[in-house]
Amino acid sequence: MDGIEHLRLRANGADLHVARCGTGAPLLLLHGWPEFWLTWEPVMMRLADRHTLIAPDLRGFGDSDKPEGPFGPADHAADLVALLDTLGIAQAGIVGHDVGGAVIQALARANPERCAGLVLFDFVYPGIGPRLGAPDRLTEIWYQSFNQMDLAVQLVGASRESCAAYIGHFLRHWSHRKEAFDDVLDAFVDAYMKPGNLAGGFAHYRAAHAGRVAMMKGEAPPLPPITVPTCVRWAEHDPIFPYAWTDRLGETFSDLDLAPFPGVGHFPHREDPERAAAAIAGFFKRIGWG
């Protein structure tokens with residue numbers, strides 16, 4: 001896309017790669033797994049006339065530095081606060097998906113004053129609880145255990161073909177519109193074949209394991225609700241996070257605008273970027289951010 005600049009910025013002891021474009025009130029776009037900044041490009045194209053879009057590669061992903069070991073949502077949140085400081089941004093709208101949604105929760109709890117508002121697409125939150133590990137879900141959540149194994153990097157990274165098969169499986173299986181990533185699949189495989197990126201992405205699953213097990217046991221400690229204005233648009237056809245699991249979002253977000261996102265799977269921002277961008281822009285306009 002014309003107009004995107006690529007920056008390498010020091011934040012919280014790491015060099016982070018950031019893609020940036022547009023003008024106006026800043027929005028920070030946080031990707032999931034198995035993604036990197038490029039997943040947001042279609043949304044960025046549609047919002048650049050009204051917002052400054054900042055899409056980092058989270059530490060461990062893309063062209064950002066890699067963590068030494070497990071690296072979870074709170075660690076990423078600390079990186080992002082430091083990134084906003086480096087960019088001289090006091091407050092931003094925060095948009096996220098999947099792993100990015102977990103990071104948003106940590107960021108909004110630790111530094112709510114930095115968040116003008118939150119927009120989230122399908123992600124894990126405490127209210128999903130034991131449903132995540134129910135017996136009929138095991139064929140969907142197996143990768144969360146596999147990704148923690150030392151063997152995972154060796155097997156997935158054995159060849160470009162094995163990496164393409166693994167990454168491509170999730171991009172297609174989790175999508176309702178199966179062609180959503182066809183035009184960028186090679187770029188995604190390139191990204192995950194870079195040294196350290198498979199392990200860097202898997203570091204999230206290592207870091208999140210204990211909390212996820214506690215959640216599935218119903219033993220997660222109760223947390224006060226996040227009070228930052230929040231918009232959640234949850235996919236109608238997400239095979240891993242069904243829409244029925246939105247029923248307890250109000251316990252996590254006290255100022256919640258929730259609606260289904262019809263006609264898409266796990267990646268609303270990529271499967272229907274026109275409507276995703278409209279939802280993002282509409283929400284931030286309603287709360288007076290841009």
# chains A, B, ... in the order shown; residues from 1 in each chain; ligands from 1
$ residues_around --residues "segment 211-228 of chain A" --least-positions-apart "5" --cutoff "8 Å" --atoms "only C-alpha atoms" --output "list in words"
Gln105, Ala108, Arg109, Pro112, Cys115, Ala116, Gly117, Leu118, Pro126, Ile128, Gly129, Pro130, Arg131, Leu132, Gly133, Glu251, Thr252, Phe253, Ser254 and Asp255 of chain A
$ write_last_selection --atoms "N, CA and C atoms" --output "compact mmCIF listing (two decimals), in the first residue's frame"
# COMPACT_ATOMS: atom_id res chain seq x y z
N GLN A 105 -6.66 -6.27 27.01
CA GLN A 105 -7.17 -6.38 28.37
C GLN A 105 -6.09 -6.03 29.39
N ALA A 108 -5.45 -2.18 29.13
CA ALA A 108 -6.53 -1.35 29.68
C ALA A 108 -6.62 -1.47 31.19
N ARG A 109 -6.16 -2.57 31.76
CA ARG A 109 -6.13 -2.70 33.22
C ARG A 109 -4.96 -1.95 33.83
N PRO A 112 -5.22 2.39 31.88
CA PRO A 112 -6.46 2.82 31.21
C PRO A 112 -6.40 4.25 30.68
N CYS A 115 -5.74 4.69 26.98
CA CYS A 115 -6.70 4.10 26.05
C CYS A 115 -7.91 5.02 25.88
N ALA A 116 -8.07 5.60 24.69
CA ALA A 116 -9.24 6.44 24.43
C ALA A 116 -10.50 5.61 24.31
N GLY A 117 -10.36 4.41 23.81
CA GLY A 117 -11.46 3.48 23.63
C GLY A 117 -10.89 2.19 23.08
N LEU A 118 -11.68 1.12 23.15
CA LEU A 118 -11.21 -0.20 22.73
C LEU A 118 -12.16 -0.78 21.70
N PRO A 126 -11.89 -13.87 30.35
CA PRO A 126 -12.14 -14.80 31.47
C PRO A 126 -13.51 -15.47 31.46
N ILE A 128 -15.21 -16.84 29.23
CA ILE A 128 -15.34 -18.08 28.45
C ILE A 128 -15.22 -19.27 29.38
N GLY A 129 -14.31 -19.18 30.35
CA GLY A 129 -14.20 -20.17 31.41
C GLY A 129 -13.98 -21.59 30.91
N PRO A 130 -14.57 -22.57 31.60
CA PRO A 130 -14.34 -23.98 31.25
C PRO A 130 -14.80 -24.37 29.86
N ARG A 131 -15.61 -23.55 29.23
CA ARG A 131 -16.08 -23.88 27.88
C ARG A 131 -14.93 -24.04 26.90
N LEU A 132 -13.83 -23.30 27.14
CA LEU A 132 -12.70 -23.36 26.21
C LEU A 132 -12.14 -24.78 26.11
N GLY A 133 -12.17 -25.53 27.21
CA GLY A 133 -11.60 -26.86 27.23
C GLY A 133 -12.61 -27.98 27.29
N GLU A 251 -19.12 -8.72 32.18
CA GLU A 251 -18.39 -8.84 33.45
C GLU A 251 -16.95 -8.33 33.31
N THR A 252 -16.43 -8.33 32.09
CA THR A 252 -15.07 -7.87 31.85
C THR A 252 -15.03 -6.41 31.41
N PHE A 253 -16.06 -5.98 30.66
CA PHE A 253 -16.11 -4.61 30.14
C PHE A 253 -17.41 -3.96 30.62
N SER A 254 -17.29 -2.93 31.45
CA SER A 254 -18.50 -2.34 32.03
C SER A 254 -19.19 -1.36 31.09
N ASP A 255 -18.47 -0.85 30.10
CA ASP A 255 -19.03 0.10 29.13
C ASP A 255 -18.93 -0.55 27.75
$ closest_atom_pairs --of "segment 38-131 of chain A" --to "segment 19-29 of chain A" --cutoff "6 Å" --atoms "only C-alpha atoms" --output "CSV"
residue,atom,partner,partner_atom,distance
A:Ala48,CA,A:Gly22,CA,3.9
A:Asp49,CA,A:Gly22,CA,5.9
A:Arg50,CA,A:Gly24,CA,5.4
A:His51,CA,A:Gly24,CA,4.1
A:Thr52,CA,A:Thr23,CA,4.4
A:Leu53,CA,A:Leu27,CA,5.1
A:Ile54,CA,A:Arg20,CA,4.6
A:Ala55,CA,A:Leu29,CA,4.8
A:Ala92,CA,A:Pro26,CA,5.2
A:Gly93,CA,A:Leu27,CA,4.5
A:Ile94,CA,A:Leu28,CA,4.9
A:Val95,CA,A:Leu29,CA,4.8
A:Gly96,CA,A:Leu29,CA,5.8
$ write_last_selection --atoms "N, CA and C atoms" --output "CSV table (one decimal), in the first residue's frame"
chain,number,residue,atom,x,y,z
A,48,ALA,N,-7.2,5.6,6.7
A,48,ALA,CA,-6.1,6.5,6.7
A,48,ALA,C,-6.5,7.9,6.5
A,49,ASP,N,-7.7,8.2,6.0
A,49,ASP,CA,-8.2,9.5,5.8
A,49,ASP,C,-8.7,10.2,7.0
A,50,ARG,N,-8.9,9.4,8.1
A,50,ARG,CA,-9.5,9.9,9.3
A,50,ARG,C,-8.7,9.6,10.6
A,51,HIS,N,-7.8,8.7,10.5
A,51,HIS,CA,-7.0,8.3,11.7
A,51,HIS,C,-5.5,8.0,11.3
A,52,THR,N,-4.6,8.2,12.2
A,52,THR,CA,-3.3,7.8,12.1
A,52,THR,C,-3.2,6.3,12.6
A,53,LEU,N,-2.9,5.4,11.7
A,53,LEU,CA,-2.9,4.0,12.0
A,53,LEU,C,-1.5,3.5,12.3
A,54,ILE,N,-1.3,2.9,13.5
A,54,ILE,CA,-0.1,2.4,14.0
A,54,ILE,C,-0.2,0.9,14.2
A,55,ALA,N,0.5,0.1,13.4
A,55,ALA,CA,0.3,-1.4,13.5
A,55,ALA,C,1.7,-2.0,13.8
A,92,ALA,N,-4.4,6.8,22.8
A,92,ALA,CA,-4.7,6.2,21.5
A,92,ALA,C,-6.0,5.4,21.6
A,93,GLY,N,-6.7,5.2,20.5
A,93,GLY,CA,-7.7,4.2,20.4
A,93,GLY,C,-7.0,2.9,20.2
A,94,ILE,N,-7.4,1.8,20.8
A,94,ILE,CA,-6.7,0.5,20.7
A,94,ILE,C,-7.7,-0.5,20.1
A,95,VAL,N,-7.2,-1.1,19.0
A,95,VAL,CA,-8.0,-2.1,18.2
A,95,VAL,C,-7.2,-3.4,18.3
A,96,GLY,N,-7.9,-4.5,18.5
A,96,GLY,CA,-7.1,-5.7,18.6
A,96,GLY,C,-8.0,-7.0,18.3
$ closest_atom_pairs --of "segment 7-64 of chain A" --to "segment 157-178 of chain A" --cutoff "10 Å" --atoms "only C-alpha atoms" --output "tab-separated table"
residue	atom	partner	partner_atom	distance
A:Trp33	CA	A:Phe170	CA	9.1
A:Pro34	CA	A:Ile167	CA	6.5
A:Glu35	CA	A:Leu171	CA	8.8
$ write_last_selection --atoms "N, CA and C atoms" --output "PDB file, in the first residue's frame"
ATOM      1  N   TRP A  33      -2.357 -14.289  16.472  1.00  0.00           N
ATOM      2  CA  TRP A  33      -1.532 -15.378  15.950  1.00  0.00           C
ATOM      3  C   TRP A  33      -2.407 -16.233  15.036  1.00  0.00           C
ATOM      4  N   PRO A  34      -1.926 -16.696  13.875  1.00  0.00           N
ATOM      5  CA  PRO A  34      -0.569 -16.527  13.343  1.00  0.00           C
ATOM      6  C   PRO A  34      -0.511 -15.354  12.357  1.00  0.00           C
ATOM      7  N   GLU A  35      -0.373 -14.179  12.886  1.00  0.00           N
ATOM      8  CA  GLU A  35      -0.415 -12.970  12.067  1.00  0.00           C
ATOM      9  C   GLU A  35       0.786 -12.087  12.372  1.00  0.00           C
TER      10      GLU A  35
END
$ select_by_dssp --residues "segment 31-207 of chain A" --states "alpha helix (DSSP H)" --output "PyMOL selection string"
chain A and resi 41-47+73-87+99-110+138-146+150-156+160-173+185-193+197-207
$ closest_residue --among "A:Asp75, A:Glu41, A:Asp150, A:Asp85" --to "Phe181 of chain A" --atoms "only C-alpha atoms"
A:Glu41
$ residues_around --residues "Glu271 of chain A" --least-positions-apart "3" --cutoff "10 Å" --atoms "only C-alpha atoms" --output "count of residues only"
17
$ select_by_dssp --residues "segment 118-231 of chain A" --states "strand (DSSP E or B)" --output "PyMOL selection string"
chain A and resi 118-121+226+230-231
$ write_last_selection --atoms "N, CA and C atoms" --output "PDB file, in the first residue's frame"
ATOM      1  N   LEU A 118     -11.676   1.118  23.147  1.00  0.00           N
ATOM      2  CA  LEU A 118     -11.207  -0.195  22.729  1.00  0.00           C
ATOM      3  C   LEU A 118     -12.159  -0.783  21.698  1.00  0.00           C
ATOM      4  N   VAL A 119     -11.604  -1.356  20.637  1.00  0.00           N
ATOM      5  CA  VAL A 119     -12.384  -2.144  19.676  1.00  0.00           C
ATOM      6  C   VAL A 119     -11.742  -3.520  19.589  1.00  0.00           C
ATOM      7  N   LEU A 120     -12.532  -4.563  19.825  1.00  0.00           N
ATOM      8  CA  LEU A 120     -11.997  -5.921  19.819  1.00  0.00           C
ATOM      9  C   LEU A 120     -12.825  -6.821  18.920  1.00  0.00           C
ATOM     10  N   PHE A 121     -12.105  -7.670  18.180  1.00  0.00           N
ATOM     11  CA  PHE A 121     -12.696  -8.782  17.456  1.00  0.00           C
ATOM     12  C   PHE A 121     -12.270 -10.068  18.174  1.00  0.00           C
ATOM     13  N   ILE A 226     -13.130  -3.698  33.239  1.00  0.00           N
ATOM     14  CA  ILE A 226     -12.454  -2.622  32.516  1.00  0.00           C
ATOM     15  C   ILE A 226     -13.499  -1.550  32.210  1.00  0.00           C
ATOM     16  N   THR A 230     -15.813   0.368  25.285  1.00  0.00           N
ATOM     17  CA  THR A 230     -15.397  -0.801  24.523  1.00  0.00           C
ATOM     18  C   THR A 230     -16.443  -1.194  23.499  1.00  0.00           C
ATOM     19  N   CYS A 231     -15.977  -1.488  22.295  1.00  0.00           N
ATOM     20  CA  CYS A 231     -16.805  -2.021  21.220  1.00  0.00           C
ATOM     21  C   CYS A 231     -16.298  -3.407  20.874  1.00  0.00           C
TER      22      CYS A 231
END
$ closest_residue --among "A:Pro239, A:Gly69, A:Gly32, A:Gly88" --to "Leu138 of chain A" --atoms "only C-alpha atoms"
A:Pro239
$ closest_residue --among "A:Ala259, A:Gly288, A:Pro229, A:Leu7" --to "Glu113 of chain A" --atoms "only C-alpha atoms"
A:Pro229
$ atom_distance --atom1 "atom CA of Ala77 of chain A" --atom2 "atom CA of Leu107 of chain A"
4.9 Å
$ residues_around --residues "segment 196-203 of chain A" --least-positions-apart "2" --cutoff "7 Å" --atoms "only C-alpha atoms" --output "PyMOL selection string"
chain A and resi 33+60-62+66-67+69-71+147-148+153+192-194+205-207
$ write_last_selection --atoms "N, CA and C atoms" --output "tab-separated table (two decimals), in the first residue's frame"
chain	number	residue	atom	x	y	z
A	33	TRP	N	-2.36	-14.29	16.47
A	33	TRP	CA	-1.53	-15.38	15.95
A	33	TRP	C	-2.41	-16.23	15.04
A	60	GLY	N	8.41	-10.68	19.17
A	60	GLY	CA	8.37	-12.10	18.79
A	60	GLY	C	7.83	-12.32	17.40
A	61	PHE	N	7.19	-11.32	16.83
A	61	PHE	CA	6.52	-11.46	15.54
A	61	PHE	C	7.17	-10.54	14.50
A	62	GLY	N	6.97	-10.90	13.23
A	62	GLY	CA	7.37	-10.01	12.14
A	62	GLY	C	8.83	-9.59	12.23
A	66	LYS	N	12.87	-10.50	19.35
A	66	LYS	CA	12.27	-11.72	19.89
A	66	LYS	C	12.48	-11.80	21.40
A	67	PRO	N	11.53	-12.35	22.12
A	67	PRO	CA	11.70	-12.51	23.57
A	67	PRO	C	12.67	-13.65	23.88
A	69	GLY	N	12.15	-15.81	26.39
A	69	GLY	CA	11.37	-16.95	26.86
A	69	GLY	C	9.89	-16.64	26.74
A	70	PRO	N	9.06	-17.23	27.60
A	70	PRO	CA	7.62	-16.94	27.55
A	70	PRO	C	7.37	-15.43	27.63
A	71	PHE	N	6.40	-14.97	26.85
A	71	PHE	CA	6.14	-13.52	26.76
A	71	PHE	C	4.65	-13.34	26.56
A	147	ASN	N	1.76	-25.78	20.44
A	147	ASN	CA	2.61	-24.61	20.25
A	147	ASN	C	3.58	-24.38	21.41
A	148	GLN	N	3.36	-25.05	22.53
A	148	GLN	CA	4.26	-24.91	23.68
A	148	GLN	C	5.40	-25.92	23.66
A	153	VAL	N	8.65	-25.92	16.96
A	153	VAL	CA	9.47	-25.09	16.07
A	153	VAL	C	10.19	-25.97	15.06
A	192	TYR	N	6.96	-15.97	9.02
A	192	TYR	CA	7.16	-17.00	10.04
A	192	TYR	C	8.40	-17.86	9.78
A	193	MET	N	8.97	-17.79	8.60
A	193	MET	CA	10.23	-18.48	8.33
A	193	MET	C	11.44	-17.65	8.76
A	194	LYS	N	11.24	-16.39	9.13
A	194	LYS	CA	12.36	-15.57	9.61
A	194	LYS	C	12.84	-16.12	10.95
A	205	TYR	N	1.87	-18.64	23.93
A	205	TYR	CA	1.14	-19.80	24.46
A	205	TYR	C	1.81	-20.36	25.71
A	206	ARG	N	3.14	-20.29	25.74
A	206	ARG	CA	3.84	-20.70	26.95
A	206	ARG	C	3.48	-19.77	28.12
A	207	ALA	N	3.47	-18.48	27.84
A	207	ALA	CA	3.19	-17.51	28.90
A	207	ALA	C	1.75	-17.57	29.38
$ atom_distance --atom1 "atom CA of Val124 of chain A" --atom2 "atom CA of Val103 of chain A"
10.2 Å
$ closest_residue --among "A:Asp182, A:Ile4, A:Ser64, A:Ala235" --to "Met44 of chain A" --atoms "only C-alpha atoms"
A:Ile4
$ atom_distance --atom1 "atom CA of Ala134 of chain A" --atom2 "atom CA of Ile240 of chain A"
11.9 Å
$ closest_residue --among "A:His209, A:Arg270, A:His97, A:Arg46" --to "Ser145 of chain A" --atoms "only C-alpha atoms"
A:His209
$ closest_residue --among "A:Leu47, A:Pro262, A:Gln91, A:Gly3" --to "Ile280 of chain A" --atoms "only C-alpha atoms"
A:Leu47
